[in-house]
Amino acid sequence: MSYRNGLNRTATKLDKPLSSSSNCNSSNGGKYLAPSPPPSSPAPAISKPGSPLHPTSASSRRTPQRTWKHDSGVSGRVRVAVRLRPRNAEEMVADADFADCVELQPELKRLTLRKNNWVSETYEFDEVLTDFSSQKRVYEVVAKPVLESVLEGYNGTVMAYGQTGTGKTFTLGRLGEEDIADRGIMVRAMEDILAGICPEQDSVTVSYLQLYMETVQDLLDPSKDNIPIVEDPKTGDVSLPGATVVEIRDQAGFVDLLQTGESNRFAANTKLNTESSRSHAILMVNIKKHVKVPVEDLDIPNENGLSMHKSKGSYPPTVRKSKLIIVDLAGSERVDKSGSEGLALEEAKSINLSLTALGKCINALADGKSHVPIRDSKLTRLLRDSFGGTARTSLVITIGPSPRHRGETMSTIMFGQRAMKIENMMKRREEFDYKSMCHKLGMELERCFAESERQNKLLLDVERKLEERLEETRRAEKNLECALEKMASERARHQKEHVEVLQNLEIERTERLRMENELQAAKSDMKNHKEVPEPSKDVNDEILELKLQLENERQSRQQAERELRILKSGVPSQYGNSESTEIMILSRRLENEIQRRTKLEDEIKRLQNQLSQATLELEAKSSASGFTSFGLNSLKTPMIVNHNFESDLGHNLDTGRPQDHVGLQKLLSLLESQDVGIQVQAVKVVANLAAEEAHQEKIVEAGGLHHMLLLLRDSEDETIRRVAAGAIANLAMNERNQELIMSEGGIALLSRTADNAEDPQTLRMVAGAIANLCGNDKLQLKLRDDGGIKALLKMVNSRHSDVLAQVARGIANFAKCESRGVVQGSRMGRSLLIDEGALPWIVGNANNEASSIRRHIELALCHLAQQDVNARDLVAAGALRELVRISRECSREDIRMLARRLLAGSSIFQSELRRLHIVP
Ligand code: ADP
Ligand code: MG
């Protein structure tokens with residue numbers, strides 16, 4: 001019942017200005033429950049919030065190693081509501097005649113306490129709850145704001161203070177089992193907590209304790225009857241190690257726990273022979289709530305040098321740890337009053353020590369005193385964060401209406417008024433959730449390891465495969481290199497062969513052209529012979545020359561065919577089509593050439609036959625007239641020389657241009673080369689050129705003949721001397737050259753060459769040269785004087801048919817000139833041949849097996865027999881028998897006839913024939 005008589009109110013004391021009642025920045029300021037300083041250090045004068053001296057400041061306690069943080073702090077005064085209990089049955093009776101001592105003005109949040117009929121005092125509270133206020137309203141006004149803060153990460157305290165029986169337990173601890181509307185603050189608080197967390201990841205744990213006579217007892221486990229209070233010297237956190245901690249999953253579990261606690265409290269109090277009103281019941285609820293805090297709002301210190309990656313917009317795992325303490329204090333009856341009720345003073349002191357200490361601390365804080373005796377009791381130690389600390393604290397003071405307890409009521413009101421002056425600095429604690437982060441990182445690390453292992457294996461596989469490929473490539477490269485090298489060498493070989501074939505073809509072509517020209521010339525010669533029966537020049541020799549050429553051609557052709565066959569068989573299939581095709585074309589061309597040559601050969605044979613016929617006729621005529629001439633075309637030795645060089649030079653000589661002369665000079669200068677090989681090649685070219693009548697004059701003009709003679713004299717190489725002798729033989733076909741050779745001592749040089757010769761072909765050349773000189777009428781005597789005939793006769797020792805044939809030809813030429821001289825009357829006397837002792841050899845070889853020898857000697861004998869002056873010598877040498885044989889057996893009819901005429905025309909022969917009884 002409220003006191004309604006305002007007139008009785010004589011004094012109204014506003015302990016605090018109205019305007020400041022709800023002002024967080026109260027002029028009173030918040031004073032902190034500072035722990036007692038260590039004995040050695042002086043107490044701080046005045047601790048101000050945020051001061052570095054403030055030992056309980058969370059920020060000052062925080063060490064760099066911790067990763068939790070408080071926000072900068074929100075000023076929050078301890079809020080105090082007053083609740084009036086309705087009159088109980090006893091009061092209804094006892095106080096029936098008295099008015100209530102309190103009058104409430106809830107809308108003005110004022111309470112007026114009537115001291116007596118004349119004096120009353122009015123107090124203002126944060127909330128004034130009338131005797132008919134519902135439990136729900138009480139919860140919302142007193143506890144709800146604290147619960148909201150707790151769920152946001154701040155610590156919170158809800159505490160009931162008041163005289164025994166005024167409804168502290170009713171306000172805090174009612175379970176509301178009969179009537180749900182009766183549920184007290186504890187049950188409703190847990191309902192809000194469970195609704196505000198995420199049961200999968202957040203946790204709510206509860207400890208329920210009783211503080212009696214400075215002993216902390218566990219209401220959830222009565223065996224734990226002296227639990228120590230431990231304060232973290234760094235953070236100031238208070239904990240009760242050993243107290244039972246129960247995790248709350250649901251509301252029913254919590255209610256069961258409260259029931260257990262209540263029954264244990266009753267049992268304990270019975271055992272200790274006390275009452276609940278003399279103990280403090282403390283419910284401690286710890287909440288761990290995971291929240292998503294934007295990283296930029298986190299202040300995560302860098303630990304151990306590790307830098308935390310803070311990317312904007314990310315939410316690292318953060319946990320908010322908060323603690324709600326609900327304290328149902330023991331009755332606030334004064335000690336003296338308790339004592340008056342028969343309790344031992346000591347016991348009463350002990351029972352109310354904590355409460356007294358709390359009152360002292362609150363007074364000290366309210367008065368802004370420097371020393372707050374926080375360590376004086378276990379209760380103040382447990383509540384150090386609730387008053388002047390970082391928690392949001394809400395205090396409900398319970399009072400009764402009875403004027404009999406006015407003093408107690410007054411005391412309670414003053415406690416509440418003092419508490420309202422205490423300013424807390426609420427700070428939230430957020431911790432970086434290392435545990436879950438570690439778990440997540442561990443999982444991630446394991447995944448990374450597994451992935452890395454997999455990648456490593458893949459990498460190894462790839463590396464191995466690459467290595468294999470590399471090895472294969474190396475092998476392939478090596479094979480390719482070998483194949484390329486082989487191909488290159490094969491190609492070079494085939495190109496070389498190709499060039500050689502082309503050269504041979506060119507040679508063939510040139511030879512063929514030359515042969516055609518000669519054939520043409522021979523044809524026209526023959527024509528002339530037929531028309532004009534003049535003595536022609538050495539038709540026989542020309543035939544010989546043609547034969548030799550033919551032989552050369554054949555050999556060349558065979559050589560070319562052989563090369564072609566080798567080429568064909570040697571061309572590997574892998575060679576390009578172009579090369580095979582080219583070789584095919586070449587071989588076809590070669591075949592064409594061969595065909596054309598065969599035709600040419602046939603033509604030559606035919607012409608040879610004609611020529612033989614014509615020669616016989618001419619021979620007969622010449623013999624008759626004494627004119628027989630021998631050329632040296634047969635001496636054109638096939639020499640392997642640089643054909644291109646030769647033919648080019650030959651062609652150039654033909655043109656007769658000045659620069660050609662220069663070419664010849666150059667060629668001749670090569671004869672003086674120190675290199676024997678070059679000398680050999682050069683002399684061969686000169687010799688071949690000298691075989692052509694057209695070149696002879698130019699060669700002699702350029703000094704070629706002189707050079708050849710010098711080579712005979714000076715060269716130590718027999719090949720050079722042999723070829724030079726051949727060249728001289730060729731040049732000796734010309735009458736003027738013959739004189740030149742003689743004048744330059746040619747006979748002596750040739751003779752010496754013959755003496756030193758080892759190769760019969762050298763002798764053949766020398767003999768051929770002398771044989772040509774033997775055909776010159778004017779040189780007969782000088783030839784004999786220079787030893788030419790002697791040299792010829794000396795060479796018969798070689799017995800080589802080629803040499804003997806040339807000797808025989810020389811003798812025949814010589815004899816022919818002598819007989820011509822006799823006919824012309826320019827000569828008299830015995831043949832020089834007979835003088836030089838040639839007759840025995842002539843007679844001895846007149847019937848030589850080799851026709852090339854025999855026919856020359858037969859002719860020579862005939863020429864000798866034509867001169868009567870020789871007749872006796874011939875008879876003496878036994879030549880008559882040979883002449884008879886010639887007249888009978890000679891293959892040439894004209895010679896047979898000539899021999900017969902000579903035998904018949906000489907008296908000496910006739911008489912001798914008769915003497916010998918030979919019938920010619
Ligand atoms: P305390 O814990 O302060 O000693 P209790 O809560 O035990 O007091 O209350 C004592 C008695 O008063 C109890 O029977 C309780 O039911 C009753 N009571 C207390 N407050 C009220 C109230 N506001 N309305 C009705 N009954 C109340
Ligand atoms: Mg109680």
# chains A, B, ... in the order shown; residues from 1 in each chain; ligands from 1
>>> residues_around(residues="A:Leu211", least_positions_apart="6", cutoff="9 Å", atoms="only C-alpha atoms", output="PDB file with N, CA and C atoms, in the first residue's frame")
ATOM      1  N   GLN A 217      30.583 -22.168  -1.292  1.00  0.00           N
ATOM      2  CA  GLN A 217      30.130 -23.552  -1.391  1.00  0.00           C
ATOM      3  C   GLN A 217      29.463 -23.756  -2.733  1.00  0.00           C
ATOM      4  N   ASP A 218      29.647 -24.986  -3.231  1.00  0.00           N
ATOM      5  CA  ASP A 218      29.085 -25.298  -4.560  1.00  0.00           C
ATOM      6  C   ASP A 218      27.679 -25.838  -4.372  1.00  0.00           C
ATOM      7  N   SER A 279      22.836 -16.293   3.844  1.00  0.00           N
ATOM      8  CA  SER A 279      23.885 -16.632   2.851  1.00  0.00           C
ATOM      9  C   SER A 279      23.588 -15.882   1.546  1.00  0.00           C
ATOM     10  N   HIS A 280      24.630 -15.731   0.801  1.00  0.00           N
ATOM     11  CA  HIS A 280      24.480 -15.103  -0.528  1.00  0.00           C
ATOM     12  C   HIS A 280      24.459 -16.216  -1.574  1.00  0.00           C
ATOM     13  N   ALA A 281      23.433 -16.173  -2.416  1.00  0.00           N
ATOM     14  CA  ALA A 281      23.399 -17.149  -3.525  1.00  0.00           C
ATOM     15  C   ALA A 281      23.882 -16.443  -4.803  1.00  0.00           C
ATOM     16  N   ILE A 282      24.799 -17.116  -5.458  1.00  0.00           N
ATOM     17  CA  ILE A 282      25.410 -16.471  -6.653  1.00  0.00           C
ATOM     18  C   ILE A 282      25.275 -17.422  -7.846  1.00  0.00           C
ATOM     19  N   SER A 354      30.642  -9.829   4.475  1.00  0.00           N
ATOM     20  CA  SER A 354      30.646  -9.542   3.036  1.00  0.00           C
ATOM     21  C   SER A 354      29.723  -8.379   2.716  1.00  0.00           C
ATOM     22  N   LYS A 378      34.977 -11.810   0.492  1.00  0.00           N
ATOM     23  CA  LYS A 378      34.918 -12.621  -0.726  1.00  0.00           C
ATOM     24  C   LYS A 378      33.866 -12.091  -1.677  1.00  0.00           C
ATOM     25  N   LEU A 379      32.768 -11.536  -1.100  1.00  0.00           N
ATOM     26  CA  LEU A 379      31.704 -11.012  -1.965  1.00  0.00           C
ATOM     27  C   LEU A 379      32.218  -9.865  -2.824  1.00  0.00           C
TER      28      LEU A 379
END
>>> residues_near_ligand(ligand="ligand 1", cutoff="10 Å", atoms="only C-alpha atoms and all ligand atoms", output="MDAnalysis selection string")
chainID A and resid 83:89 129:135 138 160:174 182 275:278 328:332 397:400
>>> select_by_dssp(residues="stretch 332-453 of chain A", states="strand (DSSP E or B)", output="ChimeraX atom specification")
/A:392-399,423-426,428-432
>>> write_last_selection(atoms="N, CA and C atoms", output="short mmCIF file (atom, residue, chain, number, x, y, z; two decimals), in the first residue's frame")
data_model
loop_
_atom_site.label_atom_id
_atom_site.label_comp_id
_atom_site.auth_asym_id
_atom_site.auth_seq_id
_atom_site.Cartn_x
_atom_site.Cartn_y
_atom_site.Cartn_z
N ARG A 392 27.73 -4.18 -16.85
CA ARG A 392 26.50 -3.41 -16.69
C ARG A 392 25.79 -3.99 -15.46
N THR A 393 25.53 -3.16 -14.55
CA THR A 393 24.99 -3.65 -13.28
C THR A 393 23.62 -3.04 -13.00
N SER A 394 22.74 -3.93 -12.62
CA SER A 394 21.39 -3.48 -12.26
C SER A 394 21.08 -4.01 -10.85
N LEU A 395 20.68 -3.10 -9.99
CA LEU A 395 20.41 -3.49 -8.59
C LEU A 395 18.92 -3.28 -8.31
N VAL A 396 18.33 -4.33 -7.73
CA VAL A 396 16.94 -4.13 -7.29
C VAL A 396 16.94 -4.19 -5.76
N ILE A 397 16.45 -3.12 -5.22
CA ILE A 397 16.37 -3.12 -3.74
C ILE A 397 14.91 -3.43 -3.38
N THR A 398 14.77 -4.37 -2.46
CA THR A 398 13.41 -4.77 -2.07
C THR A 398 13.12 -4.23 -0.66
N ILE A 399 11.95 -3.72 -0.61
CA ILE A 399 11.54 -3.17 0.69
C ILE A 399 10.14 -3.68 1.04
N GLU A 423 29.59 4.66 -11.24
CA GLU A 423 29.67 4.68 -12.71
C GLU A 423 30.60 3.55 -13.17
N ASN A 424 30.07 2.69 -13.95
CA ASN A 424 30.93 1.64 -14.54
C ASN A 424 31.36 2.04 -15.94
N MET A 425 32.46 1.47 -16.40
CA MET A 425 32.90 1.68 -17.80
C MET A 425 32.77 0.33 -18.51
N MET A 426 31.64 0.18 -19.13
CA MET A 426 31.34 -1.12 -19.74
C MET A 426 32.25 -1.37 -20.93
N ARG A 428 33.43 -4.38 -23.70
CA ARG A 428 33.12 -5.69 -24.31
C ARG A 428 34.42 -6.44 -24.57
N ARG A 429 34.35 -7.73 -24.44
CA ARG A 429 35.56 -8.51 -24.71
C ARG A 429 35.30 -9.44 -25.90
N GLU A 430 36.09 -9.21 -26.89
CA GLU A 430 35.98 -10.08 -28.07
C GLU A 430 37.31 -10.78 -28.24
N GLU A 431 37.25 -12.02 -28.51
CA GLU A 431 38.49 -12.76 -28.71
C GLU A 431 38.52 -13.32 -30.12
N PHE A 432 39.66 -13.21 -30.63
CA PHE A 432 39.87 -13.90 -31.92
C PHE A 432 39.83 -15.40 -31.63
#
>>> residues_around(residues="stretch 248-257 of chain A", least_positions_apart="5", cutoff="9 Å", atoms="only C-alpha atoms", output="list in words")
Leu175, Val187, Met190, Glu191, Leu194, Pro199, Ser203, Val204, Thr205, Val206, Tyr208, Leu220 and Glu262 of chain A
>>> atom_distance(atom1="atom CA of A:Leu839", atom2="atom CA of A:Gly787")
16.3 Å
>>> residues_around(residues="A:Pro760", least_positions_apart="5", cutoff="8 Å", atoms="only C-alpha atoms", output="list in words")
Ser798, His800 and Val803 of chain A
>>> residues_around(residues="stretch 315-322 of chain A", least_positions_apart="6", cutoff="7 Å", atoms="only C-alpha atoms", output="PDB file with N, CA, C and O atoms, in the first residue's frame")
ATOM      1  N   VAL A 150      24.692  -8.349 -22.021  1.00  0.00           N
ATOM      2  CA  VAL A 150      25.439  -9.613 -21.896  1.00  0.00           C
ATOM      3  C   VAL A 150      25.496 -10.323 -23.239  1.00  0.00           C
ATOM      4  O   VAL A 150      26.547 -10.836 -23.647  1.00  0.00           O
ATOM      5  N   GLY A 153      28.135  -9.110 -25.405  1.00  0.00           N
ATOM      6  CA  GLY A 153      29.525  -9.359 -25.050  1.00  0.00           C
ATOM      7  C   GLY A 153      30.000  -8.620 -23.816  1.00  0.00           C
ATOM      8  O   GLY A 153      31.176  -8.699 -23.479  1.00  0.00           O
ATOM      9  N   TYR A 154      29.099  -7.893 -23.144  1.00  0.00           N
ATOM     10  CA  TYR A 154      29.505  -7.215 -21.909  1.00  0.00           C
ATOM     11  C   TYR A 154      29.182  -8.106 -20.719  1.00  0.00           C
ATOM     12  O   TYR A 154      28.276  -8.936 -20.781  1.00  0.00           O
ATOM     13  N   ASN A 155      29.962  -7.912 -19.670  1.00  0.00           N
ATOM     14  CA  ASN A 155      29.589  -8.585 -18.430  1.00  0.00           C
ATOM     15  C   ASN A 155      28.371  -7.874 -17.823  1.00  0.00           C
ATOM     16  O   ASN A 155      28.150  -6.683 -18.070  1.00  0.00           O
ATOM     17  N   ASN A 286      28.243 -18.152 -17.793  1.00  0.00           N
ATOM     18  CA  ASN A 286      29.282 -17.757 -18.779  1.00  0.00           C
ATOM     19  C   ASN A 286      28.786 -18.056 -20.196  1.00  0.00           C
ATOM     20  O   ASN A 286      28.349 -19.166 -20.487  1.00  0.00           O
ATOM     21  N   ILE A 287      28.899 -17.060 -21.013  1.00  0.00           N
ATOM     22  CA  ILE A 287      28.395 -17.212 -22.389  1.00  0.00           C
ATOM     23  C   ILE A 287      29.561 -16.999 -23.367  1.00  0.00           C
ATOM     24  O   ILE A 287      30.319 -16.026 -23.237  1.00  0.00           O
ATOM     25  N   LYS A 288      29.672 -17.956 -24.297  1.00  0.00           N
ATOM     26  CA  LYS A 288      30.643 -17.772 -25.397  1.00  0.00           C
ATOM     27  C   LYS A 288      29.841 -17.700 -26.680  1.00  0.00           C
ATOM     28  O   LYS A 288      29.197 -18.683 -27.083  1.00  0.00           O
ATOM     29  N   LYS A 289      29.906 -16.565 -27.312  1.00  0.00           N
ATOM     30  CA  LYS A 289      29.057 -16.379 -28.483  1.00  0.00           C
ATOM     31  C   LYS A 289      29.929 -16.014 -29.690  1.00  0.00           C
ATOM     32  O   LYS A 289      30.754 -15.085 -29.618  1.00  0.00           O
ATOM     33  N   HIS A 290      29.757 -16.809 -30.743  1.00  0.00           N
ATOM     34  CA  HIS A 290      30.527 -16.528 -31.966  1.00  0.00           C
ATOM     35  C   HIS A 290      29.814 -15.471 -32.776  1.00  0.00           C
ATOM     36  O   HIS A 290      28.608 -15.564 -32.972  1.00  0.00           O
ATOM     37  N   VAL A 291      30.573 -14.517 -33.177  1.00  0.00           N
ATOM     38  CA  VAL A 291      29.959 -13.428 -33.958  1.00  0.00           C
ATOM     39  C   VAL A 291      30.813 -13.155 -35.187  1.00  0.00           C
ATOM     40  O   VAL A 291      31.981 -13.532 -35.240  1.00  0.00           O
ATOM     41  N   LYS A 292      30.180 -12.517 -36.123  1.00  0.00           N
ATOM     42  CA  LYS A 292      30.931 -12.108 -37.313  1.00  0.00           C
ATOM     43  C   LYS A 292      31.201 -10.629 -37.188  1.00  0.00           C
ATOM     44  O   LYS A 292      30.300  -9.820 -37.240  1.00  0.00           O
ATOM     45  N   VAL A 293      32.468 -10.328 -37.014  1.00  0.00           N
ATOM     46  CA  VAL A 293      32.862  -8.933 -36.876  1.00  0.00           C
ATOM     47  C   VAL A 293      33.682  -8.574 -38.103  1.00  0.00           C
ATOM     48  O   VAL A 293      34.613  -9.294 -38.442  1.00  0.00           O
ATOM     49  N   PRO A 294      33.309  -7.534 -38.801  1.00  0.00           N
ATOM     50  CA  PRO A 294      34.119  -7.142 -39.966  1.00  0.00           C
ATOM     51  C   PRO A 294      35.571  -6.952 -39.543  1.00  0.00           C
ATOM     52  O   PRO A 294      35.837  -6.405 -38.476  1.00  0.00           O
ATOM     53  N   VAL A 295      36.469  -7.474 -40.370  1.00  0.00           N
ATOM     54  CA  VAL A 295      37.877  -7.507 -39.989  1.00  0.00           C
ATOM     55  C   VAL A 295      38.438  -6.137 -39.649  1.00  0.00           C
ATOM     56  O   VAL A 295      39.275  -5.978 -38.786  1.00  0.00           O
ATOM     57  N   ARG A 429      34.349  -7.730 -24.438  1.00  0.00           N
ATOM     58  CA  ARG A 429      35.556  -8.515 -24.711  1.00  0.00           C
ATOM     59  C   ARG A 429      35.299  -9.441 -25.902  1.00  0.00           C
ATOM     60  O   ARG A 429      34.406 -10.281 -25.862  1.00  0.00           O
ATOM     61  N   GLU A 430      36.092  -9.210 -26.889  1.00  0.00           N
ATOM     62  CA  GLU A 430      35.980 -10.075 -28.067  1.00  0.00           C
ATOM     63  C   GLU A 430      37.309 -10.783 -28.239  1.00  0.00           C
ATOM     64  O   GLU A 430      38.368 -10.176 -28.079  1.00  0.00           O
ATOM     65  N   GLU A 431      37.252 -12.016 -28.513  1.00  0.00           N
ATOM     66  CA  GLU A 431      38.491 -12.757 -28.715  1.00  0.00           C
ATOM     67  C   GLU A 431      38.520 -13.316 -30.118  1.00  0.00           C
ATOM     68  O   GLU A 431      37.512 -13.806 -30.607  1.00  0.00           O
ATOM     69  N   PHE A 432      39.664 -13.209 -30.635  1.00  0.00           N
ATOM     70  CA  PHE A 432      39.869 -13.900 -31.916  1.00  0.00           C
ATOM     71  C   PHE A 432      39.827 -15.401 -31.628  1.00  0.00           C
ATOM     72  O   PHE A 432      40.488 -15.885 -30.716  1.00  0.00           O
ATOM     73  N   ASP A 433      39.028 -16.111 -32.386  1.00  0.00           N
ATOM     74  CA  ASP A 433      38.781 -17.518 -32.062  1.00  0.00           C
ATOM     75  C   ASP A 433      39.891 -18.396 -32.625  1.00  0.00           C
ATOM     76  O   ASP A 433      39.781 -18.990 -33.695  1.00  0.00           O
ATOM     77  N   MET A 437      39.931 -21.218 -35.508  1.00  0.00           N
ATOM     78  CA  MET A 437      40.820 -20.837 -36.616  1.00  0.00           C
ATOM     79  C   MET A 437      41.898 -21.902 -36.806  1.00  0.00           C
ATOM     80  O   MET A 437      42.212 -22.297 -37.929  1.00  0.00           O
TER      81      MET A 437
END
>>> atom_distance(atom1="atom CA of A:Asp786", atom2="atom CA of A:Ala815")
17.4 Å
>>> atom_distance(atom1="atom CA of A:Glu836", atom2="atom CA of A:Val807")
14.1 Å
>>> residues_around(residues="stretch 905-914 of chain A", least_positions_apart="2", cutoff="9 Å", atoms="only C-alpha atoms", output="list in words")
Ala865, Gln866, Asp868, Ala871, Arg872, Val875, Leu880, Arg881, Arg900, Arg901, Leu902, Leu903, Leu916, His917, Ile918, Val919 and Pro920 of chain A
